[in-house]
Amino acid sequence: MKQKQSHYASGIAAAGLSYIIWGFLPIYWKLLGSVPAAEVLAHRIIWSLVFMIILLALLGKWRAIASEIKQLLANKKQTISIIAASILISINWLVYIFAVESAHVVEASLGYYINPLLNVFLATFFLKEKLTKAEWSAVGIAAAGVVCLTVYYGSFPWAALTLATTFSCYGLIKKKVPVGPWTGLTVETLIMTPFALIFLFFFNPSGTPLWDKDSSIIMLLIGAGVVTAIPLLLFATGAKRISFTLVGFLQYIAPTIMLLLGLFAFGEAFTTPQFLAFSLIWVALVVFSISRIRGNAQASKEVSQAGNSTGSASTAS
């Protein structure tokens, strides 16, 4: 019993820490504000791959992961899916870094609040999952929040919606091609690294190669691989040990930290329309979460009753 509780507690700690790190990542990208976002992205891809190769070699997992990647890429359909996933996550990273560097952290946080609702919306079309009336209401309320921002500013909140859409589509593809986080991050960065290298050598926007940059910038660019991989691996470890419902609650840690950083650390404005839009989305998330909790509780109850019925039948026989 104690071992099980310890396992669960360590799962909460690992998953919670992953979201905390993701929440504070804007500080890291702000420190790289002098480097164009596309250049930061290229280094993030390259050094993520380097870090994963070193880590896998140190842990003795490289051969197993390399074999898994080889099998994955031998399947044409899976290869296309993984390439699509690699492009989507790269776009997501680029927009996120650009949003931070251009003082749109509050808008970026909005994207990650919207993400869970967009996930279930896409699941109804592509995975044939059914939504309850409450969940449809939640999606509608969130959409009203986005419309509110668009009407007031006269422009679409493109950063928020791009972050939410790319990450949701990325998650959808990963559901279709289930690969572990170790394999996933390694193969995705492996696919994108040649393009990142070509970009740095021929289209480097800053015009300064890595070795000619300030030493602190060099360390931060190399460290981008570490801050990308560590939270992902922590999340993968934690998510296996805790319930999906709890993961659903923990995922709001990151955008909440991002929102607070945008407001209080970076001094971004929080206008009345933004407050109204966020309020609508928060209401939508509450409605959605309550509906999911009730659904999970009902499912658990039905499973328990079915188990009891089976047990009674076995005893009677």
# chains A, B, ... in the order shown; residues from 1 in each chain; ligands from 1
$ closest_atom_pairs --of "range 56-140 of chain A" --to "range 161-180 of chain A" --cutoff "7 Å" --atoms "only C-alpha atoms" --output "Markdown table"
| residue | atom | partner | partner_atom | distance |
| --- | --- | --- | --- | --- |
| A:Gln78 | CA | A:Val177 | CA | 6.5 |
| A:Ser81 | CA | A:Ile173 | CA | 6.5 |
| A:Ala85 | CA | A:Tyr170 | CA | 5.2 |
| A:Leu88 | CA | A:Thr166 | CA | 5.4 |
| A:Ile89 | CA | A:Tyr170 | CA | 6.5 |
| A:Asn92 | CA | A:Leu163 | CA | 5.4 |
| A:Val95 | CA | A:Leu163 | CA | 6.8 |
| A:Tyr96 | CA | A:Leu163 | CA | 6.9 |
| A:Gly111 | CA | A:Ala164 | CA | 4.9 |
| A:Tyr112 | CA | A:Ala164 | CA | 5.9 |
| A:Ile114 | CA | A:Ala164 | CA | 6.3 |
| A:Asn115 | CA | A:Ala164 | CA | 4.7 |
| A:Leu118 | CA | A:Ser168 | CA | 6.6 |
| A:Asn119 | CA | A:Ser168 | CA | 5.4 |
$ closest_residue --among "A:Ala13, A:Val100, A:Leu117, A:Ser6" --to "Ser137 in chain A" --atoms "only C-alpha atoms"
A:Leu117
$ closest_residue --among "A:Pro255, A:Gly33, A:Pro181, A:Gly267" --to "Ile217 in chain A" --atoms "only C-alpha atoms"
A:Gly33
$ residues_around --residues "Leu131 in chain A" --least-positions-apart "5" --cutoff "10 Å" --atoms "only C-alpha atoms" --output "ChimeraX atom specification"
/A:120-121,123-124,136-137,139,288,291-292
$ write_last_selection --atoms "N, CA and C atoms" --output "PDB file, in the first residue's frame"
ATOM      1  N   VAL A 120     -10.745  17.967 -27.491  1.00  0.00           N
ATOM      2  CA  VAL A 120     -11.986  17.178 -27.501  1.00  0.00           C
ATOM      3  C   VAL A 120     -12.826  17.499 -28.731  1.00  0.00           C
ATOM      4  N   PHE A 121     -12.745  18.742 -29.206  1.00  0.00           N
ATOM      5  CA  PHE A 121     -13.479  19.128 -30.412  1.00  0.00           C
ATOM      6  C   PHE A 121     -12.969  18.338 -31.615  1.00  0.00           C
ATOM      7  N   ALA A 123     -11.366  15.517 -31.478  1.00  0.00           N
ATOM      8  CA  ALA A 123     -11.605  14.089 -31.227  1.00  0.00           C
ATOM      9  C   ALA A 123     -12.983  13.651 -31.711  1.00  0.00           C
ATOM     10  N   THR A 124     -13.952  14.571 -31.693  1.00  0.00           N
ATOM     11  CA  THR A 124     -15.302  14.214 -32.154  1.00  0.00           C
ATOM     12  C   THR A 124     -15.317  13.937 -33.655  1.00  0.00           C
ATOM     13  N   TRP A 136     -20.113  20.245 -25.197  1.00  0.00           N
ATOM     14  CA  TRP A 136     -20.379  21.087 -26.365  1.00  0.00           C
ATOM     15  C   TRP A 136     -20.567  22.538 -25.934  1.00  0.00           C
ATOM     16  N   SER A 137     -21.231  22.733 -24.797  1.00  0.00           N
ATOM     17  CA  SER A 137     -21.422  24.089 -24.262  1.00  0.00           C
ATOM     18  C   SER A 137     -20.079  24.731 -23.946  1.00  0.00           C
ATOM     19  N   VAL A 139     -17.165  24.103 -25.329  1.00  0.00           N
ATOM     20  CA  VAL A 139     -16.506  24.471 -26.593  1.00  0.00           C
ATOM     21  C   VAL A 139     -17.109  25.766 -27.142  1.00  0.00           C
ATOM     22  N   PHE A 288     -16.297  22.023 -18.589  1.00  0.00           N
ATOM     23  CA  PHE A 288     -15.692  20.843 -19.214  1.00  0.00           C
ATOM     24  C   PHE A 288     -15.139  19.882 -18.164  1.00  0.00           C
ATOM     25  N   SER A 291     -17.865  18.058 -16.213  1.00  0.00           N
ATOM     26  CA  SER A 291     -18.472  17.034 -17.065  1.00  0.00           C
ATOM     27  C   SER A 291     -17.586  15.799 -17.156  1.00  0.00           C
ATOM     28  N   ARG A 292     -16.266  16.016 -17.319  1.00  0.00           N
ATOM     29  CA  ARG A 292     -15.334  14.891 -17.426  1.00  0.00           C
ATOM     30  C   ARG A 292     -15.243  14.111 -16.115  1.00  0.00           C
TER      31      ARG A 292
END
$ residues_around --residues "Ile21 in chain A" --least-positions-apart "6" --cutoff "9 Å" --atoms "only C-alpha atoms" --output "PyMOL selection string"
chain A and resi 227+230-231+254
$ write_last_selection --atoms "C-alpha atoms" --output "mmCIF file, in the first residue's frame"
data_model
loop_
_atom_site.group_PDB
_atom_site.id
_atom_site.type_symbol
_atom_site.label_atom_id
_atom_site.label_comp_id
_atom_site.auth_asym_id
_atom_site.auth_seq_id
_atom_site.Cartn_x
_atom_site.Cartn_y
_atom_site.Cartn_z
ATOM 1 C CA VAL A 227 14.917 22.564 -21.286
ATOM 2 C CA ILE A 230 13.646 17.340 -19.437
ATOM 3 C CA PRO A 231 9.994 18.427 -18.879
ATOM 4 C CA ALA A 254 1.661 25.934 -17.211
#
$ select_by_dssp --residues "range 72-160 of chain A" --states "alpha helix (DSSP H)" --output "MDAnalysis selection string"
chainID A and resid 72:74 76:101 105:126 133:153 158:160
$ write_last_selection --atoms "C-alpha atoms" --output "CSV table (one decimal), in the first residue's frame"
chain,number,residue,atom,x,y,z
A,72,LEU,CA,8.8,3.2,-37.4
A,73,LEU,CA,10.4,4.8,-40.5
A,74,ALA,CA,10.1,1.5,-42.4
A,76,LYS,CA,5.4,4.6,-45.1
A,77,LYS,CA,2.1,5.6,-43.5
A,78,GLN,CA,3.8,6.1,-40.1
A,79,THR,CA,6.7,7.9,-41.6
A,80,ILE,CA,4.3,10.5,-43.2
A,81,SER,CA,2.5,10.9,-39.9
A,82,ILE,CA,5.8,11.4,-38.0
A,83,ILE,CA,7.0,14.0,-40.5
A,84,ALA,CA,3.7,15.8,-40.2
A,85,ALA,CA,4.0,15.7,-36.4
A,86,SER,CA,7.6,17.0,-36.6
A,87,ILE,CA,6.5,20.0,-38.7
A,88,LEU,CA,3.6,20.8,-36.4
A,89,ILE,CA,5.6,20.7,-33.2
A,90,SER,CA,8.3,22.9,-34.9
A,91,ILE,CA,5.7,25.5,-35.9
A,92,ASN,CA,4.3,25.3,-32.3
A,93,TRP,CA,7.8,26.0,-30.9
A,94,LEU,CA,8.5,28.8,-33.4
A,95,VAL,CA,5.2,30.6,-32.7
A,96,TYR,CA,5.7,30.2,-28.9
A,97,ILE,CA,9.3,31.6,-29.0
A,98,PHE,CA,8.2,34.4,-31.3
A,99,ALA,CA,5.2,35.2,-29.0
A,100,VAL,CA,7.5,35.5,-25.9
A,101,GLU,CA,10.1,37.6,-27.7
A,105,VAL,CA,3.1,35.9,-23.4
A,106,VAL,CA,-0.5,36.6,-22.2
A,107,GLU,CA,-1.8,35.6,-25.6
A,108,ALA,CA,0.4,32.5,-25.7
A,109,SER,CA,-1.1,31.4,-22.3
A,110,LEU,CA,-4.6,31.8,-23.8
A,111,GLY,CA,-3.6,29.3,-26.5
A,112,TYR,CA,-2.7,26.7,-23.9
A,113,TYR,CA,-6.0,27.3,-22.0
A,114,ILE,CA,-7.9,26.7,-25.2
A,115,ASN,CA,-5.9,23.5,-26.1
A,116,PRO,CA,-7.8,21.0,-24.0
A,117,LEU,CA,-11.1,22.1,-25.4
A,118,LEU,CA,-9.8,22.0,-29.0
A,119,ASN,CA,-8.5,18.5,-28.3
A,120,VAL,CA,-12.0,17.2,-27.5
A,121,PHE,CA,-13.5,19.1,-30.4
A,122,LEU,CA,-11.1,17.5,-32.9
A,123,ALA,CA,-11.6,14.1,-31.2
A,124,THR,CA,-15.3,14.2,-32.2
A,125,PHE,CA,-14.4,14.4,-35.9
A,126,PHE,CA,-11.3,12.3,-36.2
A,133,LYS,CA,-24.2,18.6,-24.0
A,134,ALA,CA,-22.1,20.2,-21.2
A,135,GLU,CA,-18.9,19.6,-23.2
A,136,TRP,CA,-20.4,21.1,-26.4
A,137,SER,CA,-21.4,24.1,-24.3
A,138,ALA,CA,-17.8,24.4,-23.0
A,139,VAL,CA,-16.5,24.5,-26.6
A,140,GLY,CA,-19.1,27.1,-27.5
A,141,ILE,CA,-18.3,29.3,-24.6
A,142,ALA,CA,-14.6,29.2,-25.4
A,143,ALA,CA,-15.3,30.0,-29.0
A,144,ALA,CA,-17.3,33.1,-27.8
A,145,GLY,CA,-14.2,34.2,-25.9
A,146,VAL,CA,-12.1,34.0,-29.1
A,147,VAL,CA,-14.8,35.9,-31.1
A,148,CYS,CA,-14.8,38.6,-28.3
A,149,LEU,CA,-11.1,39.2,-28.8
A,150,THR,CA,-11.3,39.2,-32.6
A,151,VAL,CA,-14.2,41.7,-32.7
A,152,TYR,CA,-12.6,44.1,-30.2
A,153,TYR,CA,-9.1,44.2,-31.7
A,158,TRP,CA,-3.4,34.2,-34.4
A,159,ALA,CA,-0.6,33.3,-31.9
A,160,ALA,CA,-3.1,31.8,-29.4
$ closest_residue --among "A:Ile12, A:Leu261, A:Leu31, A:Ile20" --to "Ile218 in chain A" --atoms "only C-alpha atoms"
A:Leu31
$ closest_residue --among "A:Leu234, A:Leu127, A:Val50, A:Ala15" --to "Phe249 in chain A" --atoms "only C-alpha atoms"
A:Ala15
$ residues_around --residues "Glu39 in chain A" --least-positions-apart "5" --cutoff "8 Å" --atoms "only C-alpha atoms" --output "CSV table (one decimal) with N, CA and C atoms, in the first residue's frame"
chain,number,residue,atom,x,y,z
A,200,LEU,N,20.6,27.4,-40.6
A,200,LEU,CA,21.6,28.2,-39.9
A,200,LEU,C,22.8,28.5,-40.8
A,204,ASN,N,20.9,32.2,-41.9
A,204,ASN,CA,21.0,32.7,-40.5
A,204,ASN,C,20.6,34.1,-40.4
A,205,PRO,N,19.4,34.4,-39.8
A,205,PRO,CA,18.9,35.8,-39.7
A,205,PRO,C,19.8,36.8,-39.0
A,206,SER,N,20.5,36.3,-38.0
A,206,SER,CA,21.4,37.3,-37.2
A,206,SER,C,22.7,37.5,-37.9
$ atom_distance --atom1 "CA of Gly223 in chain A" --atom2 "CA of Tyr28 in chain A"
9.6 Å
$ closest_residue --among "A:Tyr19, A:Phe24, A:Ser48, A:Thr186" --to "Ile65 in chain A" --atoms "only C-alpha atoms"
A:Thr186
$ atom_distance --atom1 "CA of Thr271 in chain A" --atom2 "CA of Leu285 in chain A"
20.8 Å
$ closest_residue --among "A:Val35, A:Val40, A:Met52, A:Ala14" --to "Glu188 in chain A" --atoms "only C-alpha atoms"
A:Met52
$ atom_distance --atom1 "CA of Gly238 in chain A" --atom2 "CA of Lys4 in chain A"
13.5 Å
$ decode --residues "range 261-277 of chain A" --atoms "N, CA and C atoms" --output "PDB file, in the first residue's frame"
ATOM      1  N   LEU A 261       3.333  35.457 -15.379  1.00  0.00           N
ATOM      2  CA  LEU A 261       4.612  36.015 -15.833  1.00  0.00           C
ATOM      3  C   LEU A 261       4.376  37.177 -16.802  1.00  0.00           C
ATOM      4  N   GLY A 262       3.459  36.963 -17.743  1.00  0.00           N
ATOM      5  CA  GLY A 262       3.164  38.006 -18.723  1.00  0.00           C
ATOM      6  C   GLY A 262       2.693  39.291 -18.065  1.00  0.00           C
ATOM      7  N   LEU A 263       1.850  39.144 -17.043  1.00  0.00           N
ATOM      8  CA  LEU A 263       1.278  40.313 -16.372  1.00  0.00           C
ATOM      9  C   LEU A 263       2.253  40.981 -15.413  1.00  0.00           C
ATOM     10  N   PHE A 264       2.890  40.176 -14.548  1.00  0.00           N
ATOM     11  CA  PHE A 264       3.659  40.749 -13.442  1.00  0.00           C
ATOM     12  C   PHE A 264       5.169  40.795 -13.666  1.00  0.00           C
ATOM     13  N   ALA A 265       5.707  39.864 -14.443  1.00  0.00           N
ATOM     14  CA  ALA A 265       7.156  39.870 -14.688  1.00  0.00           C
ATOM     15  C   ALA A 265       7.514  40.674 -15.938  1.00  0.00           C
ATOM     16  N   PHE A 266       6.672  40.562 -16.978  1.00  0.00           N
ATOM     17  CA  PHE A 266       6.981  41.224 -18.242  1.00  0.00           C
ATOM     18  C   PHE A 266       6.146  42.478 -18.482  1.00  0.00           C
ATOM     19  N   GLY A 267       5.198  42.750 -17.579  1.00  0.00           N
ATOM     20  CA  GLY A 267       4.426  43.989 -17.657  1.00  0.00           C
ATOM     21  C   GLY A 267       3.520  44.120 -18.863  1.00  0.00           C
ATOM     22  N   GLU A 268       3.012  43.005 -19.377  1.00  0.00           N
ATOM     23  CA  GLU A 268       2.098  43.072 -20.517  1.00  0.00           C
ATOM     24  C   GLU A 268       0.722  43.558 -20.070  1.00  0.00           C
ATOM     25  N   ALA A 269       0.016  44.199 -20.980  1.00  0.00           N
ATOM     26  CA  ALA A 269      -1.313  44.733 -20.670  1.00  0.00           C
ATOM     27  C   ALA A 269      -2.337  43.605 -20.569  1.00  0.00           C
ATOM     28  N   PHE A 270      -3.358  43.833 -19.744  1.00  0.00           N
ATOM     29  CA  PHE A 270      -4.469  42.883 -19.630  1.00  0.00           C
ATOM     30  C   PHE A 270      -5.746  43.701 -19.713  1.00  0.00           C
ATOM     31  N   THR A 271      -6.221  43.883 -20.941  1.00  0.00           N
ATOM     32  CA  THR A 271      -7.348  44.771 -21.197  1.00  0.00           C
ATOM     33  C   THR A 271      -8.675  44.136 -20.778  1.00  0.00           C
ATOM     34  N   THR A 272      -9.713  44.960 -20.764  1.00  0.00           N
ATOM     35  CA  THR A 272     -11.053  44.463 -20.407  1.00  0.00           C
ATOM     36  C   THR A 272     -11.521  43.362 -21.362  1.00  0.00           C
ATOM     37  N   PRO A 273     -11.363  43.527 -22.689  1.00  0.00           N
ATOM     38  CA  PRO A 273     -11.751  42.439 -23.602  1.00  0.00           C
ATOM     39  C   PRO A 273     -10.961  41.156 -23.355  1.00  0.00           C
ATOM     40  N   GLN A 274      -9.662  41.301 -23.036  1.00  0.00           N
ATOM     41  CA  GLN A 274      -8.862  40.118 -22.717  1.00  0.00           C
ATOM     42  C   GLN A 274      -9.389  39.436 -21.461  1.00  0.00           C
ATOM     43  N   PHE A 275      -9.715  40.243 -20.458  1.00  0.00           N
ATOM     44  CA  PHE A 275     -10.256  39.681 -19.213  1.00  0.00           C
ATOM     45  C   PHE A 275     -11.568  38.951 -19.486  1.00  0.00           C
ATOM     46  N   LEU A 276     -12.416  39.550 -20.327  1.00  0.00           N
ATOM     47  CA  LEU A 276     -13.693  38.918 -20.672  1.00  0.00           C
ATOM     48  C   LEU A 276     -13.459  37.603 -21.408  1.00  0.00           C
ATOM     49  N   ALA A 277     -12.522  37.615 -22.369  1.00  0.00           N
ATOM     50  CA  ALA A 277     -12.220  36.401 -23.139  1.00  0.00           C
ATOM     51  C   ALA A 277     -11.668  35.305 -22.243  1.00  0.00           C
TER      52      ALA A 277
END
